[in-house]
Amino acid sequence: MSLQSPVLEIDPLLDDRKTRIVVCCGSGGVGKTTTAAALGVRAAERGRTAVVLTIDPARRLAQSMGLTELDNTPREVAGIDRSAGGSLHAMMLDMKRTFDEVVVQHSDPERARAILENPFYQSLSAGFAGTQEYMAMEKLGQLRAQDAWDLIIVDTPPSRSALDFLDAPKRLGSFLDGRFIKLLMAPAKVGGRAGVKFLNIGMSMMTGTLSKVMGAGLLRDVQTFVAAMDTMFGGFRTRADATYRLLQAPGTAFLVVAAPERDALREAAYFVERLADEDMPLAGLVLNRVHGSGAAQLTAERALAAAEALEDYVAERAAESEAEGTDGSTVDGAGAHSGAEGEENLAGGGIVDQRAGHDDSRQDLPAGTDDSERLAAGLLRLHAERMQVVARERRTRDRFVSVHPEVPMVDVTALPGDVHDLEGLRAIGQELAEGQPAAA
Ligand SMILES: Nc1ncnc2c1ncn2[C@@H]1O[C@H](COP(=O)(O)OP(=O)(O)O)[C@@H](O)[C@H]1O
Ligand SMILES: [Mg+2]
């Protein structure tokens, strides 16, 4: 029997007017963007004035939400049912532009221009590790301050690790606090071996990033940059801290998205622990792309046994007809029909009975049955594989639940294709709301 965790109830969360920010996090490729978009659609259609901040939506999904350009402003999504009084806006984060906005907002025009034109800034703002995470937070802060939406759903960057989202702003913050930059500015003042070593590591890291852009003028540009940024360090840090606090506020709910795979769930477990350490409110875990089966009553073992029995039977028949000097194994055009028959049998679980009845019915089988038996055996093997996947996913989930039995969970099944339109998002939203572990 599988371990049970509390059910994550999505609709009450979305309907609660006190819920102001939902953050979808998790490791790469697990379905964060899809979940965020699906929650946005569902919340809007249930009456919330919602905005979804996506980071890297797949192209077709972006198109279906009207996100055809990176212009860093939320646009209303067409095709949303507004009868409950809600609406949905969506935007894709343009990291560079967000960074530029921050610079412009927090310095006078002359200084802003000096910074924006500085090649060091251009390289830093586009490529420095953590800027994307930092800018996502920055944008979240902006959207919240704008106060045009009563629910903000935030997708998080495609980091390798879910923890990056929480760590990067701090890392960037301490970078901008200037210890490192001060070392660069005043190398002569740094005494002792430790200082020199740090400087060397720092320099080689910097030159790695910057040499492409700058070449020889490196240090001069860095110094100009630092001079221009100097008064802004405090501002960056303060804002990062403010957004951090926003994430700890009671109106914020974190949803950790994970695939039912060992690495993703291990990452999810770390993240759950980390959120608790940081006093950030976890709503629960979305287990995405879970496999189920409509014929779960037929176990992998029985399906395999049935497949083997069918294959033996076919082999026996072949041997018999060879002995009789006839070839009963090929009849034109039987394939397609037999396929459908096989599926029906499988869905009803009836194939097992058929196997039980072999001995009696053997003489009555029409010519061409071997094909359908083979197909049925193939389908049974597929079914057995599917059931093994289901069992493996269940074990992986149980491992998570045994460590974190308190975390509410909801399953979303793996849909047959990509999720790339509002219909698909609604289907995901429906599954999120049904709150039932996938049938298995
Ligand atoms: N439940 C699901 N069923 C089928 N495909 C899914 C499901 N969830 C996500 N996908 C697909 O998986 C891919 C990755 O999803 P995405 O949301 O972009 O992940 P992430 O943002 O975590 O990197 C996309 O192509 C998406 O359409
Ligand atoms: Mg994504």
# chains A, B, ... in the order shown; residues from 1 in each chain; ligands from 1
>>> select_by_dssp(residues="region 37-146 of chain A", states="alpha helix (DSSP H)", output="PDB file with N, CA and C atoms, in the first residue's frame")
ATOM      1  N   ALA A  37       1.506  28.698 -15.671  1.00  0.00           N
ATOM      2  CA  ALA A  37       0.530  29.167 -16.660  1.00  0.00           C
ATOM      3  C   ALA A  37      -0.839  28.544 -16.389  1.00  0.00           C
ATOM      4  N   ALA A  38      -0.857  27.261 -16.054  1.00  0.00           N
ATOM      5  CA  ALA A  38      -2.130  26.581 -15.791  1.00  0.00           C
ATOM      6  C   ALA A  38      -2.819  27.187 -14.568  1.00  0.00           C
ATOM      7  N   LEU A  39      -2.045  27.513 -13.553  1.00  0.00           N
ATOM      8  CA  LEU A  39      -2.615  28.128 -12.350  1.00  0.00           C
ATOM      9  C   LEU A  39      -3.172  29.509 -12.679  1.00  0.00           C
ATOM     10  N   GLY A  40      -2.451  30.224 -13.553  1.00  0.00           N
ATOM     11  CA  GLY A  40      -2.914  31.553 -13.953  1.00  0.00           C
ATOM     12  C   GLY A  40      -4.266  31.475 -14.644  1.00  0.00           C
ATOM     13  N   VAL A  41      -4.380  30.553 -15.592  1.00  0.00           N
ATOM     14  CA  VAL A  41      -5.635  30.396 -16.329  1.00  0.00           C
ATOM     15  C   VAL A  41      -6.758  30.027 -15.363  1.00  0.00           C
ATOM     16  N   ARG A  42      -6.465  29.087 -14.489  1.00  0.00           N
ATOM     17  CA  ARG A  42      -7.512  28.622 -13.576  1.00  0.00           C
ATOM     18  C   ARG A  42      -7.926  29.737 -12.602  1.00  0.00           C
ATOM     19  N   ALA A  43      -6.951  30.414 -12.059  1.00  0.00           N
ATOM     20  CA  ALA A  43      -7.259  31.494 -11.113  1.00  0.00           C
ATOM     21  C   ALA A  43      -8.096  32.571 -11.793  1.00  0.00           C
ATOM     22  N   ALA A  44      -7.713  32.937 -13.015  1.00  0.00           N
ATOM     23  CA  ALA A  44      -8.431  33.996 -13.738  1.00  0.00           C
ATOM     24  C   ALA A  44      -9.866  33.555 -14.004  1.00  0.00           C
ATOM     25  N   GLU A  45     -10.035  32.299 -14.399  1.00  0.00           N
ATOM     26  CA  GLU A  45     -11.375  31.829 -14.744  1.00  0.00           C
ATOM     27  C   GLU A  45     -12.223  31.598 -13.497  1.00  0.00           C
ATOM     28  N   ARG A  59       8.078  27.934 -26.850  1.00  0.00           N
ATOM     29  CA  ARG A  59       7.592  28.899 -27.832  1.00  0.00           C
ATOM     30  C   ARG A  59       6.090  28.778 -28.105  1.00  0.00           C
ATOM     31  N   ARG A  60       5.623  27.562 -28.263  1.00  0.00           N
ATOM     32  CA  ARG A  60       4.194  27.403 -28.586  1.00  0.00           C
ATOM     33  C   ARG A  60       3.298  27.794 -27.422  1.00  0.00           C
ATOM     34  N   LEU A  61       3.767  27.500 -26.228  1.00  0.00           N
ATOM     35  CA  LEU A  61       2.982  27.897 -25.044  1.00  0.00           C
ATOM     36  C   LEU A  61       2.931  29.422 -24.963  1.00  0.00           C
ATOM     37  N   ALA A  62       4.070  30.046 -25.194  1.00  0.00           N
ATOM     38  CA  ALA A  62       4.130  31.508 -25.164  1.00  0.00           C
ATOM     39  C   ALA A  62       3.159  32.088 -26.186  1.00  0.00           C
ATOM     40  N   GLN A  63       3.189  31.536 -27.390  1.00  0.00           N
ATOM     41  CA  GLN A  63       2.304  32.038 -28.439  1.00  0.00           C
ATOM     42  C   GLN A  63       0.841  31.908 -28.041  1.00  0.00           C
ATOM     43  N   SER A  64       0.519  30.785 -27.438  1.00  0.00           N
ATOM     44  CA  SER A  64      -0.884  30.561 -27.099  1.00  0.00           C
ATOM     45  C   SER A  64      -1.355  31.548 -26.037  1.00  0.00           C
ATOM     46  N   MET A  95      15.417  39.681 -18.933  1.00  0.00           N
ATOM     47  CA  MET A  95      16.338  39.898 -17.835  1.00  0.00           C
ATOM     48  C   MET A  95      17.145  41.179 -18.007  1.00  0.00           C
ATOM     49  N   LYS A  96      17.690  41.339 -19.205  1.00  0.00           N
ATOM     50  CA  LYS A  96      18.528  42.501 -19.483  1.00  0.00           C
ATOM     51  C   LYS A  96      17.734  43.788 -19.275  1.00  0.00           C
ATOM     52  N   ARG A  97      16.540  43.795 -19.803  1.00  0.00           N
ATOM     53  CA  ARG A  97      15.748  45.001 -19.714  1.00  0.00           C
ATOM     54  C   ARG A  97      15.345  45.310 -18.263  1.00  0.00           C
ATOM     55  N   THR A  98      15.079  44.269 -17.517  1.00  0.00           N
ATOM     56  CA  THR A  98      14.742  44.489 -16.108  1.00  0.00           C
ATOM     57  C   THR A  98      15.924  45.113 -15.373  1.00  0.00           C
ATOM     58  N   PHE A  99      17.098  44.600 -15.669  1.00  0.00           N
ATOM     59  CA  PHE A  99      18.303  45.141 -15.048  1.00  0.00           C
ATOM     60  C   PHE A  99      18.443  46.618 -15.414  1.00  0.00           C
ATOM     61  N   ASP A 100      18.255  46.913 -16.702  1.00  0.00           N
ATOM     62  CA  ASP A 100      18.360  48.302 -17.156  1.00  0.00           C
ATOM     63  C   ASP A 100      17.355  49.191 -16.412  1.00  0.00           C
ATOM     64  N   GLU A 101      16.145  48.669 -16.265  1.00  0.00           N
ATOM     65  CA  GLU A 101      15.112  49.451 -15.575  1.00  0.00           C
ATOM     66  C   GLU A 101      15.540  49.794 -14.149  1.00  0.00           C
ATOM     67  N   VAL A 102      16.145  48.789 -13.515  1.00  0.00           N
ATOM     68  CA  VAL A 102      16.594  49.015 -12.141  1.00  0.00           C
ATOM     69  C   VAL A 102      17.640  50.126 -12.108  1.00  0.00           C
ATOM     70  N   VAL A 103      18.564  50.065 -13.049  1.00  0.00           N
ATOM     71  CA  VAL A 103      19.625  51.076 -13.095  1.00  0.00           C
ATOM     72  C   VAL A 103      19.016  52.463 -13.297  1.00  0.00           C
ATOM     73  N   VAL A 104      18.106  52.555 -14.254  1.00  0.00           N
ATOM     74  CA  VAL A 104      17.505  53.857 -14.564  1.00  0.00           C
ATOM     75  C   VAL A 104      16.717  54.392 -13.366  1.00  0.00           C
ATOM     76  N   GLN A 105      15.992  53.481 -12.710  1.00  0.00           N
ATOM     77  CA  GLN A 105      15.179  53.923 -11.577  1.00  0.00           C
ATOM     78  C   GLN A 105      16.010  54.407 -10.396  1.00  0.00           C
ATOM     79  N   PRO A 109      20.101  60.455 -14.471  1.00  0.00           N
ATOM     80  CA  PRO A 109      20.218  60.093 -15.880  1.00  0.00           C
ATOM     81  C   PRO A 109      21.658  59.957 -16.369  1.00  0.00           C
ATOM     82  N   GLU A 110      22.509  60.842 -15.896  1.00  0.00           N
ATOM     83  CA  GLU A 110      23.891  60.804 -16.381  1.00  0.00           C
ATOM     84  C   GLU A 110      24.593  59.534 -15.926  1.00  0.00           C
ATOM     85  N   ARG A 111      24.428  59.239 -14.653  1.00  0.00           N
ATOM     86  CA  ARG A 111      25.039  58.038 -14.108  1.00  0.00           C
ATOM     87  C   ARG A 111      24.432  56.793 -14.756  1.00  0.00           C
ATOM     88  N   ALA A 112      23.119  56.834 -14.962  1.00  0.00           N
ATOM     89  CA  ALA A 112      22.462  55.697 -15.603  1.00  0.00           C
ATOM     90  C   ALA A 112      23.080  55.428 -16.969  1.00  0.00           C
ATOM     91  N   ARG A 113      23.296  56.507 -17.731  1.00  0.00           N
ATOM     92  CA  ARG A 113      23.870  56.319 -19.066  1.00  0.00           C
ATOM     93  C   ARG A 113      25.280  55.742 -18.962  1.00  0.00           C
ATOM     94  N   ALA A 114      26.052  56.267 -18.041  1.00  0.00           N
ATOM     95  CA  ALA A 114      27.421  55.759 -17.870  1.00  0.00           C
ATOM     96  C   ALA A 114      27.404  54.264 -17.568  1.00  0.00           C
ATOM     97  N   ILE A 115      26.452  53.867 -16.757  1.00  0.00           N
ATOM     98  CA  ILE A 115      26.384  52.438 -16.416  1.00  0.00           C
ATOM     99  C   ILE A 115      25.922  51.618 -17.615  1.00  0.00           C
ATOM    100  N   LEU A 116      24.841  52.054 -18.229  1.00  0.00           N
ATOM    101  CA  LEU A 116      24.260  51.254 -19.313  1.00  0.00           C
ATOM    102  C   LEU A 116      25.227  51.095 -20.484  1.00  0.00           C
ATOM    103  N   GLU A 117      26.073  52.105 -20.686  1.00  0.00           N
ATOM    104  CA  GLU A 117      26.991  52.037 -21.829  1.00  0.00           C
ATOM    105  C   GLU A 117      28.268  51.290 -21.490  1.00  0.00           C
ATOM    106  N   PRO A 119      30.777  48.526 -20.937  1.00  0.00           N
ATOM    107  CA  PRO A 119      30.824  47.125 -21.411  1.00  0.00           C
ATOM    108  C   PRO A 119      30.817  46.109 -20.264  1.00  0.00           C
ATOM    109  N   PHE A 120      31.371  46.487 -19.146  1.00  0.00           N
ATOM    110  CA  PHE A 120      31.352  45.573 -18.008  1.00  0.00           C
ATOM    111  C   PHE A 120      29.917  45.333 -17.560  1.00  0.00           C
ATOM    112  N   TYR A 121      29.172  46.399 -17.508  1.00  0.00           N
ATOM    113  CA  TYR A 121      27.761  46.262 -17.141  1.00  0.00           C
ATOM    114  C   TYR A 121      27.028  45.392 -18.160  1.00  0.00           C
ATOM    115  N   GLN A 122      27.306  45.645 -19.426  1.00  0.00           N
ATOM    116  CA  GLN A 122      26.594  44.880 -20.454  1.00  0.00           C
ATOM    117  C   GLN A 122      26.876  43.395 -20.319  1.00  0.00           C
ATOM    118  N   SER A 123      28.101  43.089 -20.016  1.00  0.00           N
ATOM    119  CA  SER A 123      28.448  41.687 -19.851  1.00  0.00           C
ATOM    120  C   SER A 123      27.847  41.121 -18.559  1.00  0.00           C
ATOM    121  N   LEU A 124      27.952  41.892 -17.512  1.00  0.00           N
ATOM    122  CA  LEU A 124      27.437  41.444 -16.217  1.00  0.00           C
ATOM    123  C   LEU A 124      25.929  41.217 -16.269  1.00  0.00           C
ATOM    124  N   SER A 125      25.231  42.190 -16.837  1.00  0.00           N
ATOM    125  CA  SER A 125      23.778  42.130 -16.753  1.00  0.00           C
ATOM    126  C   SER A 125      23.229  40.989 -17.589  1.00  0.00           C
ATOM    127  N   ALA A 126      23.961  40.599 -18.631  1.00  0.00           N
ATOM    128  CA  ALA A 126      23.448  39.524 -19.472  1.00  0.00           C
ATOM    129  C   ALA A 126      23.898  38.162 -18.980  1.00  0.00           C
ATOM    130  N   GLY A 127      25.069  38.117 -18.385  1.00  0.00           N
ATOM    131  CA  GLY A 127      25.622  36.789 -18.178  1.00  0.00           C
ATOM    132  C   GLY A 127      26.029  36.416 -16.774  1.00  0.00           C
ATOM    133  N   THR A 131      21.902  36.508 -12.198  1.00  0.00           N
ATOM    134  CA  THR A 131      21.147  37.710 -12.560  1.00  0.00           C
ATOM    135  C   THR A 131      19.717  37.375 -12.922  1.00  0.00           C
ATOM    136  N   GLN A 132      19.531  36.239 -13.564  1.00  0.00           N
ATOM    137  CA  GLN A 132      18.166  35.896 -13.972  1.00  0.00           C
ATOM    138  C   GLN A 132      17.273  35.710 -12.742  1.00  0.00           C
ATOM    139  N   GLU A 133      17.807  35.004 -11.762  1.00  0.00           N
ATOM    140  CA  GLU A 133      17.051  34.799 -10.534  1.00  0.00           C
ATOM    141  C   GLU A 133      16.808  36.128  -9.837  1.00  0.00           C
ATOM    142  N   TYR A 134      17.869  36.928  -9.785  1.00  0.00           N
ATOM    143  CA  TYR A 134      17.723  38.204  -9.123  1.00  0.00           C
ATOM    144  C   TYR A 134      16.668  39.049  -9.835  1.00  0.00           C
ATOM    145  N   MET A 135      16.724  39.054 -11.166  1.00  0.00           N
ATOM    146  CA  MET A 135      15.806  39.897 -11.924  1.00  0.00           C
ATOM    147  C   MET A 135      14.365  39.396 -11.828  1.00  0.00           C
ATOM    148  N   ALA A 136      14.211  38.089 -11.706  1.00  0.00           N
ATOM    149  CA  ALA A 136      12.859  37.555 -11.510  1.00  0.00           C
ATOM    150  C   ALA A 136      12.290  38.109 -10.207  1.00  0.00           C
ATOM    151  N   MET A 137      13.133  38.144  -9.180  1.00  0.00           N
ATOM    152  CA  MET A 137      12.697  38.690  -7.895  1.00  0.00           C
ATOM    153  C   MET A 137      12.401  40.178  -8.024  1.00  0.00           C
ATOM    154  N   GLU A 138      13.293  40.854  -8.740  1.00  0.00           N
ATOM    155  CA  GLU A 138      13.129  42.289  -8.939  1.00  0.00           C
ATOM    156  C   GLU A 138      11.789  42.572  -9.626  1.00  0.00           C
ATOM    157  N   LYS A 139      11.517  41.795 -10.673  1.00  0.00           N
ATOM    158  CA  LYS A 139      10.278  42.004 -11.423  1.00  0.00           C
ATOM    159  C   LYS A 139       9.072  41.697 -10.539  1.00  0.00           C
ATOM    160  N   LEU A 140       9.197  40.662  -9.751  1.00  0.00           N
ATOM    161  CA  LEU A 140       8.118  40.336  -8.822  1.00  0.00           C
ATOM    162  C   LEU A 140       7.840  41.513  -7.898  1.00  0.00           C
ATOM    163  N   GLY A 141       8.910  42.104  -7.385  1.00  0.00           N
ATOM    164  CA  GLY A 141       8.760  43.268  -6.522  1.00  0.00           C
ATOM    165  C   GLY A 141       8.037  44.399  -7.249  1.00  0.00           C
ATOM    166  N   GLN A 142       8.417  44.611  -8.514  1.00  0.00           N
ATOM    167  CA  GLN A 142       7.780  45.674  -9.311  1.00  0.00           C
ATOM    168  C   GLN A 142       6.297  45.404  -9.510  1.00  0.00           C
ATOM    169  N   LEU A 143       5.969  44.168  -9.888  1.00  0.00           N
ATOM    170  CA  LEU A 143       4.565  43.829 -10.147  1.00  0.00           C
ATOM    171  C   LEU A 143       3.737  44.012  -8.881  1.00  0.00           C
ATOM    172  N   ARG A 144       4.327  43.619  -7.767  1.00  0.00           N
ATOM    173  CA  ARG A 144       3.623  43.725  -6.499  1.00  0.00           C
ATOM    174  C   ARG A 144       3.377  45.194  -6.174  1.00  0.00           C
ATOM    175  N   ALA A 145       4.384  46.024  -6.447  1.00  0.00           N
ATOM    176  CA  ALA A 145       4.271  47.449  -6.127  1.00  0.00           C
ATOM    177  C   ALA A 145       3.231  48.126  -7.019  1.00  0.00           C
ATOM    178  N   GLN A 146       3.120  47.615  -8.235  1.00  0.00           N
ATOM    179  CA  GLN A 146       2.161  48.188  -9.193  1.00  0.00           C
ATOM    180  C   GLN A 146       0.722  48.021  -8.712  1.00  0.00           C
TER     181      GLN A 146
END
>>> residues_near_ligand(ligand="ligand 1", cutoff="6 Å", atoms="only C-alpha atoms and all ligand atoms", output="PyMOL selection string")
chain A and resi 28-34+57-58+158+288-289+412-420
>>> residues_around(residues="Gly26 (chain A)", least_positions_apart="6", cutoff="7 Å", atoms="only C-alpha atoms", output="PyMOL selection string")
chain A and resi 32+162+256-258+268
>>> write_last_selection(atoms="N, CA and C atoms", output="JSON list (two decimals), in the first residue's frame")
[["chain", "number", "residue", "atom", "x", "y", "z"],
["A", 32, "LYS", "N", 7.55, 23.67, -14.33],
["A", 32, "LYS", "CA", 7.28, 24.90, -13.57],
["A", 32, "LYS", "C", 6.49, 25.90, -14.40],
["A", 162, "ALA", "N", 16.80, 23.91, -7.94],
["A", 162, "ALA", "CA", 15.71, 24.76, -7.47],
["A", 162, "ALA", "C", 16.20, 25.77, -6.44],
["A", 256, "VAL", "N", 6.25, 23.60, -4.90],
["A", 256, "VAL", "CA", 7.41, 22.93, -5.45],
["A", 256, "VAL", "C", 6.92, 21.93, -6.49],
["A", 257, "VAL", "N", 7.42, 22.07, -7.70],
["A", 257, "VAL", "CA", 7.03, 21.16, -8.77],
["A", 257, "VAL", "C", 8.14, 20.12, -8.93],
["A", 258, "ALA", "N", 7.75, 18.88, -9.09],
["A", 258, "ALA", "CA", 8.76, 17.84, -9.28],
["A", 258, "ALA", "C", 8.21, 16.77, -10.19],
["A", 268, "ALA", "N", 13.49, 18.35, -4.65],
["A", 268, "ALA", "CA", 12.28, 18.91, -4.04],
["A", 268, "ALA", "C", 12.36, 18.80, -2.52]]
>>> residues_around(residues="region 87-91 of chain A", least_positions_apart="5", cutoff="9 Å", atoms="only C-alpha atoms", output="ChimeraX atom specification")
/A:37,40-41,43-45,47-55,62,65-67,69-78,80-82,149
>>> write_last_selection(atoms="N, CA and C atoms", output="mmCIF file, in the first residue's frame")
data_model
loop_
_atom_site.group_PDB
_atom_site.id
_atom_site.type_symbol
_atom_site.label_atom_id
_atom_site.label_comp_id
_atom_site.auth_asym_id
_atom_site.auth_seq_id
_atom_site.Cartn_x
_atom_site.Cartn_y
_atom_site.Cartn_z
ATOM 1 N N ALA A 37 1.506 28.698 -15.671
ATOM 2 C CA ALA A 37 0.530 29.167 -16.660
ATOM 3 C C ALA A 37 -0.839 28.544 -16.389
ATOM 4 N N GLY A 40 -2.451 30.224 -13.553
ATOM 5 C CA GLY A 40 -2.914 31.553 -13.953
ATOM 6 C C GLY A 40 -4.266 31.475 -14.644
ATOM 7 N N VAL A 41 -4.380 30.553 -15.592
ATOM 8 C CA VAL A 41 -5.635 30.396 -16.329
ATOM 9 C C VAL A 41 -6.758 30.027 -15.363
ATOM 10 N N ALA A 43 -6.951 30.414 -12.059
ATOM 11 C CA ALA A 43 -7.259 31.494 -11.113
ATOM 12 C C ALA A 43 -8.096 32.571 -11.793
ATOM 13 N N ALA A 44 -7.713 32.937 -13.015
ATOM 14 C CA ALA A 44 -8.431 33.996 -13.738
ATOM 15 C C ALA A 44 -9.866 33.555 -14.004
ATOM 16 N N GLU A 45 -10.035 32.299 -14.399
ATOM 17 C CA GLU A 45 -11.375 31.829 -14.744
ATOM 18 C C GLU A 45 -12.223 31.598 -13.497
ATOM 19 N N GLY A 47 -12.105 33.930 -11.185
ATOM 20 C CA GLY A 47 -12.424 35.272 -10.715
ATOM 21 C C GLY A 47 -11.271 36.120 -10.203
ATOM 22 N N ARG A 48 -10.053 35.586 -10.237
ATOM 23 C CA ARG A 48 -8.942 36.401 -9.764
ATOM 24 C C ARG A 48 -8.413 37.303 -10.880
ATOM 25 N N THR A 49 -7.928 38.458 -10.476
ATOM 26 C CA THR A 49 -7.227 39.346 -11.405
ATOM 27 C C THR A 49 -5.762 38.948 -11.335
ATOM 28 N N ALA A 50 -5.384 38.071 -12.254
ATOM 29 C CA ALA A 50 -4.096 37.394 -12.095
ATOM 30 C C ALA A 50 -3.090 37.818 -13.161
ATOM 31 N N VAL A 51 -1.842 37.730 -12.785
ATOM 32 C CA VAL A 51 -0.766 37.940 -13.756
ATOM 33 C C VAL A 51 0.238 36.812 -13.575
ATOM 34 N N VAL A 52 0.722 36.300 -14.704
ATOM 35 C CA VAL A 52 1.729 35.242 -14.658
ATOM 36 C C VAL A 52 3.040 35.799 -15.180
ATOM 37 N N LEU A 53 4.053 35.676 -14.357
ATOM 38 C CA LEU A 53 5.389 36.089 -14.779
ATOM 39 C C LEU A 53 6.141 34.832 -15.200
ATOM 40 N N THR A 54 6.288 34.644 -16.504
ATOM 41 C CA THR A 54 6.994 33.447 -16.959
ATOM 42 C C THR A 54 8.429 33.817 -17.285
ATOM 43 N N ILE A 55 9.288 32.826 -17.197
ATOM 44 C CA ILE A 55 10.707 33.106 -17.439
ATOM 45 C C ILE A 55 11.129 32.573 -18.806
ATOM 46 N N ALA A 62 4.070 30.046 -25.194
ATOM 47 C CA ALA A 62 4.130 31.508 -25.164
ATOM 48 C C ALA A 62 3.159 32.088 -26.186
ATOM 49 N N MET A 65 -0.411 32.127 -25.309
ATOM 50 C CA MET A 65 -0.780 33.125 -24.312
ATOM 51 C C MET A 65 -0.561 34.536 -24.832
ATOM 52 N N GLY A 66 -0.277 34.624 -26.111
ATOM 53 C CA GLY A 66 -0.078 35.941 -26.718
ATOM 54 C C GLY A 66 1.268 36.556 -26.391
ATOM 55 N N LEU A 67 2.190 35.732 -25.901
ATOM 56 C CA LEU A 67 3.511 36.262 -25.557
ATOM 57 C C LEU A 67 4.443 36.118 -26.752
ATOM 58 N N GLU A 69 6.442 38.714 -27.888
ATOM 59 C CA GLU A 69 7.705 39.440 -27.768
ATOM 60 C C GLU A 69 8.083 39.650 -26.309
ATOM 61 N N LEU A 70 9.366 39.798 -26.144
ATOM 62 C CA LEU A 70 9.903 40.056 -24.815
ATOM 63 C C LEU A 70 9.840 41.552 -24.560
ATOM 64 N N ASP A 71 8.711 42.062 -24.137
ATOM 65 C CA ASP A 71 8.721 43.510 -23.927
ATOM 66 C C ASP A 71 8.604 43.883 -22.460
ATOM 67 N N ASN A 72 8.645 42.851 -21.620
ATOM 68 C CA ASN A 72 8.757 43.110 -20.194
ATOM 69 C C ASN A 72 7.554 43.808 -19.567
ATOM 70 N N THR A 73 6.428 43.813 -20.274
ATOM 71 C CA THR A 73 5.200 44.335 -19.653
ATOM 72 C C THR A 73 4.121 43.276 -19.783
ATOM 73 N N PRO A 74 3.313 43.127 -18.751
ATOM 74 C CA PRO A 74 2.240 42.143 -18.821
ATOM 75 C C PRO A 74 1.206 42.522 -19.872
ATOM 76 N N ARG A 75 0.780 41.545 -20.638
ATOM 77 C CA ARG A 75 -0.260 41.749 -21.656
ATOM 78 C C ARG A 75 -1.433 40.847 -21.309
ATOM 79 N N GLU A 76 -2.616 41.315 -21.658
ATOM 80 C CA GLU A 76 -3.778 40.489 -21.354
ATOM 81 C C GLU A 76 -3.822 39.265 -22.261
ATOM 82 N N VAL A 77 -4.133 38.130 -21.678
ATOM 83 C CA VAL A 77 -4.214 36.888 -22.443
ATOM 84 C C VAL A 77 -5.623 36.760 -23.031
ATOM 85 N N ALA A 78 -5.707 36.574 -24.332
ATOM 86 C CA ALA A 78 -7.013 36.425 -24.980
ATOM 87 C C ALA A 78 -7.519 34.994 -24.779
ATOM 88 N N ILE A 80 -9.509 33.872 -22.384
ATOM 89 C CA ILE A 80 -9.837 33.513 -20.995
ATOM 90 C C ILE A 80 -11.324 33.764 -20.758
ATOM 91 N N ASP A 81 -11.962 32.815 -20.110
ATOM 92 C CA ASP A 81 -13.371 32.978 -19.747
ATOM 93 C C ASP A 81 -13.455 33.951 -18.567
ATOM 94 N N ARG A 82 -14.010 35.130 -18.836
ATOM 95 C CA ARG A 82 -13.999 36.172 -17.806
ATOM 96 C C ARG A 82 -15.327 36.257 -17.060
ATOM 97 N N TRP A 149 -2.803 43.788 -9.806
ATOM 98 C CA TRP A 149 -3.277 42.406 -9.789
ATOM 99 C C TRP A 149 -3.465 41.933 -8.363
#
>>> closest_residue(among="A:Asp155, A:Asp108, A:Glu320, A:Asp11", to="ligand 2", atoms="only C-alpha atoms and all ligand atoms")
A:Asp155
>>> select_by_dssp(residues="region 26-107 of chain A", states="strand (DSSP E or B)", output="VMD selection string")
chain A and resid 49 to 54 75 to 76 87 to 92
>>> closest_residue(among="A:Leu247, A:Val407, A:Ala377, A:Ala323", to="Ala309 (chain A)", atoms="only C-alpha atoms")
A:Ala377
>>> closest_residue(among="A:Leu13, A:Ala84, A:Ala36, A:Ile428", to="ligand 2", atoms="only C-alpha atoms and all ligand atoms")
A:Ala36
>>> residues_around(residues="Arg302 (chain A)", least_positions_apart="4", cutoff="10 Å", atoms="only C-alpha atoms", output="number ranges by chain")
A: 297-298, 306-308, 352, 380, 384
>>> atom_distance(atom1="CA of Gly86 (chain A)", atom2="CA of Pro6 (chain A)")
29.0 Å
>>> closest_residue(among="A:Glu267, A:Val410, A:Ala300, A:Arg239", to="Leu379 (chain A)", atoms="only C-alpha atoms")
A:Ala300
>>> residues_around(residues="region 277-281 of chain A", least_positions_apart="6", cutoff="12 Å", atoms="only C-alpha atoms", output="list of chain:residue names")
A:Thr19, A:Ile21, A:Val22, A:Val23, A:Leu163, A:Leu166, A:Asp167, A:Thr243, A:Tyr244, A:Arg245, A:Leu246, A:Leu247, A:Gln248, A:Ala249, A:Pro250, A:Gly251, A:Thr252, A:Ala253, A:Phe254, A:Leu255, A:Val256, A:Tyr270, A:Phe271, A:Val407
>>> write_last_selection(atoms="C-alpha atoms", output="compact mmCIF listing (two decimals), in the first residue's frame")
# COMPACT_ATOMS: atom_id res chain seq x y z
CA THR A 19 -3.13 34.54 -1.48
CA ILE A 21 1.84 35.49 -4.69
CA VAL A 22 2.31 31.91 -5.84
CA VAL A 23 5.85 30.87 -6.67
CA LEU A 163 17.75 26.28 -4.68
CA LEU A 166 16.80 31.51 -3.33
CA ASP A 167 20.56 31.61 -3.34
CA THR A 243 11.71 40.95 -2.08
CA TYR A 244 13.06 38.23 0.13
CA ARG A 245 10.81 39.42 2.90
CA LEU A 246 7.90 39.55 0.47
CA LEU A 247 8.49 35.88 -0.14
CA GLN A 248 8.24 35.22 3.57
CA ALA A 249 4.98 37.10 3.92
CA PRO A 250 1.78 35.20 4.71
CA GLY A 251 0.18 35.98 1.31
CA THR A 252 2.92 34.04 -0.47
CA ALA A 253 2.63 30.36 -1.30
CA PHE A 254 5.43 28.25 -2.70
CA LEU A 255 4.58 25.31 -4.87
CA VAL A 256 7.41 22.93 -5.45
CA TYR A 270 16.01 19.85 -0.19
CA PHE A 271 13.89 22.73 -1.33
CA VAL A 407 3.81 18.09 2.77
>>> closest_residue(among="A:Ser372, A:Gln4, A:Ser83, A:Ser27", to="ligand 2", atoms="only C-alpha atoms and all ligand atoms")
A:Ser27
>>> atom_distance(atom1="CA of Arg397 (chain A)", atom2="CA of Leu265 (chain A)")
7.6 Å
